[in-house]
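Text of the file start.cif, holding mmCIF, C-alpha atoms:
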data_start
loop_
_atom_site.label_atom_id
_atom_site.label_comp_id
_atom_site.auth_asym_id
_atom_site.auth_seq_id
_atom_site.Cartn_x
_atom_site.Cartn_y
_atom_site.Cartn_z
CA MET A 148 7.66 -14.85 -10.66
CA LYS A 149 5.57 -15.58 -7.56
CA TRP A 150 5.04 -11.84 -6.93
CA LEU A 151 3.96 -11.33 -10.55
CA VAL A 152 1.21 -13.92 -10.19
CA GLY A 153 0.11 -12.24 -6.96
CA VAL A 154 0.05 -8.82 -8.58
CA LEU A 155 -1.93 -10.13 -11.54
CA ILE A 156 -4.50 -11.74 -9.26
CA VAL A 157 -4.81 -8.57 -7.23
CA CYS A 158 -4.98 -6.36 -10.29
CA SER A 159 -7.80 -8.36 -11.79
CA SER A 160 -9.97 -7.55 -8.78
CA LEU A 161 -9.40 -3.80 -8.85
CA LEU A 162 -12.14 -1.61 -10.27
CA SER A 163 -12.11 1.98 -9.10
CA ASP A 164 -10.11 1.31 -5.99
CA VAL A 165 -7.85 3.59 -4.05
CA ILE A 166 -4.56 1.82 -3.47
CA ALA A 167 -2.18 2.91 -0.71
CA ILE A 168 1.47 1.96 -1.03
CA ALA A 169 3.91 2.08 1.90
CA SER A 170 6.96 3.86 0.54
CA ASP A 171 10.56 4.51 1.55
CA GLY A 172 10.43 7.89 -0.21
CA ASP A 173 8.16 10.50 -1.74
CA LYS A 174 8.82 9.56 -5.37
CA LEU A 175 7.39 6.81 -7.56
CA SER A 176 10.96 5.59 -8.06
CA SER A 177 11.14 4.82 -4.32
CA ASN A 178 10.95 1.26 -3.04
CA VAL A 179 7.88 -0.26 -1.47
CA SER A 180 8.58 -0.18 2.26
CA SER A 181 8.99 -3.21 4.49
CA ASN A 182 8.01 -1.04 7.47
CA ALA A 183 4.33 -0.85 6.61
CA SER A 184 3.11 1.02 9.69
CA ARG A 185 6.29 3.02 10.06
CA SER A 186 7.14 3.74 6.44
CA ASP A 187 8.27 7.25 5.60
CA TYR A 188 5.43 7.93 3.16
CA TYR A 189 2.20 6.55 1.76
CA ILE A 190 1.53 6.97 -1.93
CA PHE A 191 -2.10 6.76 -3.03
CA ILE A 192 -2.94 5.75 -6.58
CA ASP A 193 -6.01 4.72 -8.51
CA GLU A 194 -6.41 1.48 -10.43
CA LYS A 195 -4.95 3.10 -13.55
CA GLY A 196 -1.75 4.01 -11.72
CA ASN A 197 -2.52 7.72 -11.44
CA THR A 198 -1.04 9.34 -8.35
CA LEU A 199 -3.76 10.75 -6.12
CA GLU A 200 -1.71 11.85 -3.10
CA ILE A 201 1.67 11.47 -1.43
CA LEU A 202 1.40 11.64 2.35
CA ASN A 203 4.17 11.94 4.93
CA ASN A 204 3.64 9.32 7.67
CA SER A 205 2.98 11.47 10.73
CA PHE A 206 2.71 8.48 13.10
CA LYS A 207 5.85 6.57 12.11
CA ASP A 208 7.72 7.58 15.28
CA ILE A 209 5.02 7.05 17.90
CA LYS A 210 5.85 4.57 20.67
CA GLY A 211 2.89 2.25 20.13
CA GLY A 212 -0.23 1.93 18.05
CA ALA A 213 1.25 2.71 14.62
CA SER A 214 -0.63 -0.22 13.07
CA SER A 215 -3.99 0.93 14.39
CA LYS A 216 -3.28 4.51 13.26
CA LEU A 217 -2.42 3.22 9.79
CA VAL A 218 -5.63 1.18 9.49
CA GLU A 219 -7.68 4.13 10.75
CA MET A 220 -6.07 6.35 8.09
CA LEU A 221 -6.68 3.73 5.36
CA LYS A 222 -10.36 3.55 6.32
CA ASN A 223 -10.71 7.35 6.43
CA LYS A 224 -9.21 7.64 2.94
CA GLN A 225 -11.46 4.82 1.71
CA VAL A 226 -8.51 2.69 0.69
CA SER A 227 -9.54 -0.72 -0.57
CA HIS A 228 -6.06 -2.09 -1.17
CA PHE A 229 -2.73 -1.74 0.68
CA VAL A 230 0.74 -2.59 -0.63
CA ALA A 231 3.91 -3.15 1.42
CA SER A 232 6.86 -5.51 1.19
CA SER A 233 5.96 -7.09 4.54
CA LEU A 234 3.26 -6.92 7.22
CA GLY A 235 3.40 -7.77 10.88
CA ASP A 236 0.82 -10.16 12.30
CA LYS A 237 -1.06 -7.41 14.15
CA LEU A 238 -1.33 -5.23 11.05
CA GLU A 239 -2.30 -8.16 8.83
CA ASN A 240 -5.10 -9.16 11.22
CA SER A 241 -6.36 -5.59 11.46
CA ILE A 242 -6.32 -5.10 7.69
CA ASN A 243 -8.17 -8.39 7.19
CA SER A 244 -10.79 -7.57 9.82
CA ASN A 245 -11.45 -4.24 8.09
CA LYS A 246 -11.87 -5.96 4.71
CA ILE A 247 -8.91 -4.17 3.12
CA LYS A 248 -7.09 -6.26 0.55
CA TYR A 249 -3.32 -6.28 0.60
CA THR A 250 -0.39 -7.26 -1.57
CA ILE A 251 3.14 -8.07 -0.52
CA PHE A 252 5.42 -6.57 -3.16
CA ASN A 253 9.21 -6.15 -3.21
CA GLY A 254 10.59 -3.58 -5.60
CA SER A 255 9.98 -0.04 -6.73
CA ILE A 256 6.61 1.63 -6.77
CA ASN A 257 7.04 2.28 -10.50
CA THR A 258 7.43 -1.46 -11.08
CA PHE A 259 4.27 -2.17 -9.09
CA ILE A 260 2.34 0.44 -11.08
CA GLU A 261 3.64 -0.97 -14.37
CA GLN A 262 2.37 -4.42 -13.39
CA LEU A 263 -0.94 -2.94 -12.23
CA VAL A 264 -1.71 -1.17 -15.50
CA LYS A 265 -0.65 -4.17 -17.65
CA LYS A 266 -3.51 -6.27 -16.27
#

Before we go any further, please render this structure as structure tokens.
Amino acid sequence: MKWLVGVLIVCSSLLSDVIAIASDGDKLSSNVSSNASRSDYYIFIDEKGNTLEILNNSFKDIKGGASSKLVEMLKNKQVSHFVASSLGDKLENSINSNKIKYTIFNGSINTFIEQLVKK
């Protein structure tokens, strides 16, 4: 129930935002990834839940700096909101300092999108 309240709060602030979701797979049925900077894919949607792009994470296997590469990519794609099932301290600080909102969500991407469009 706690995550539902969080999603509803987040969803109420979305207008025409680009939302990036860290994903364990390249399908909407995939789970939101707990490895935010090193997830397998990033799925980009709009505030209506429409898929904009599915991107393979090209920096998931680099030795260091995955968090900074992720934030750079989010800024370049003009992402205003990021979703993952957990964030490390370094990534959380970097996202906050770049004024990107984030949501911690456990479950499938489809479930997140369903909650988003119900707002």

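Take the candidates A:Phe259, A:Phe252, A:Phe229, A:Tyr189 and check each one against Val165 (chain A) using only C-alpha atoms; the shortest distance goes to A:Phe229.
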
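Candidate residues A:Met220, A:Val226, A:Ile251, A:Ile209 were compared for distance to Phe191 (chain A), and the nearest is A:Val226, using all atoms listed in the file.
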
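Distances here use all atoms listed in the file; by that measure, the residue among A:Leu217, A:Ile190, A:Val230, A:Leu199 closest to Lys248 (chain A) is A:Val230.
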
Discussion item. Can you pull out the residues contacting region 174-178 of chain A? Cut-off 12 Å, using all atoms listed in the file, and skip same-chain residues under 6 positions away; I want them as an MDAnalysis selection string.
Written reply: chainID A and resid 168 186:192 196:203 230:232 252:261

Using the selection just defined, write its residues with C-alpha atoms as a PDB file, in the coordinates of the input.
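result.pdb, written as the output of this step:
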ATOM      1  CA  ILE A 168       1.470   1.960  -1.030  1.00  0.00           C
ATOM      2  CA  SER A 186       7.140   3.740   6.440  1.00  0.00           C
ATOM      3  CA  ASP A 187       8.270   7.250   5.600  1.00  0.00           C
ATOM      4  CA  TYR A 188       5.430   7.930   3.160  1.00  0.00           C
ATOM      5  CA  TYR A 189       2.200   6.550   1.760  1.00  0.00           C
ATOM      6  CA  ILE A 190       1.530   6.970  -1.930  1.00  0.00           C
ATOM      7  CA  PHE A 191      -2.100   6.760  -3.030  1.00  0.00           C
ATOM      8  CA  ILE A 192      -2.940   5.750  -6.580  1.00  0.00           C
ATOM      9  CA  GLY A 196      -1.750   4.010 -11.720  1.00  0.00           C
ATOM     10  CA  ASN A 197      -2.520   7.720 -11.440  1.00  0.00           C
ATOM     11  CA  THR A 198      -1.040   9.340  -8.350  1.00  0.00           C
ATOM     12  CA  LEU A 199      -3.760  10.750  -6.120  1.00  0.00           C
ATOM     13  CA  GLU A 200      -1.710  11.850  -3.100  1.00  0.00           C
ATOM     14  CA  ILE A 201       1.670  11.470  -1.430  1.00  0.00           C
ATOM     15  CA  LEU A 202       1.400  11.640   2.350  1.00  0.00           C
ATOM     16  CA  ASN A 203       4.170  11.940   4.930  1.00  0.00           C
ATOM     17  CA  VAL A 230       0.740  -2.590  -0.630  1.00  0.00           C
ATOM     18  CA  ALA A 231       3.910  -3.150   1.420  1.00  0.00           C
ATOM     19  CA  SER A 232       6.860  -5.510   1.190  1.00  0.00           C
ATOM     20  CA  PHE A 252       5.420  -6.570  -3.160  1.00  0.00           C
ATOM     21  CA  ASN A 253       9.210  -6.150  -3.210  1.00  0.00           C
ATOM     22  CA  GLY A 254      10.590  -3.580  -5.600  1.00  0.00           C
ATOM     23  CA  SER A 255       9.980  -0.040  -6.730  1.00  0.00           C
ATOM     24  CA  ILE A 256       6.610   1.630  -6.770  1.00  0.00           C
ATOM     25  CA  ASN A 257       7.040   2.280 -10.500  1.00  0.00           C
ATOM     26  CA  THR A 258       7.430  -1.460 -11.080  1.00  0.00           C
ATOM     27  CA  PHE A 259       4.270  -2.170  -9.090  1.00  0.00           C
ATOM     28  CA  ILE A 260       2.340   0.440 -11.080  1.00  0.00           C
ATOM     29  CA  GLU A 261       3.640  -0.970 -14.370  1.00  0.00           C
TER      30      GLU A 261
END

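Between CA of Leu238 (chain A) and CA of Ala183 (chain A) the separation is 8.4 Å.
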
Discussion item. Give me, as a ChimeraX atom specification, all polymer residues having an atom no more than 12 Å from Lys216 (chain A), counting only C-alpha atoms and skipping those fewer than 5 positions away in the same chain.
Written reply: /A:183-185,204-211,221-223,238,241-242

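CA of Thr250 (chain A) is positioned 12.5 Å from CA of Gln262 (chain A).
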
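Interatomic distance, CA of Val264 (chain A) to CA of Glu219 (chain A): 27.4 Å.
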
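Here the question is which of A:Ala169, A:Ala213, A:Val218, A:Val179 gets nearest to Lys246 (chain A) using only C-alpha atoms, and that residue is A:Val218.
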
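When all atoms listed in the file are used to measure the gap to Lys195 (chain A), the shortest distance among A:Leu234, A:Gly172, A:Asp164, A:Tyr249 belongs to A:Asp164.
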
Is it possible to get the axis-aligned box enclosing region 253-257 of chain A (all listed atoms, 3 Å extra per side) as JSON, with centre and edge lengths in Å rounded to one decimal?
{"center_x": 8.6, "center_y": -1.9, "center_z": -6.9, "size_x": 10.0, "size_y": 14.4, "size_z": 13.3}
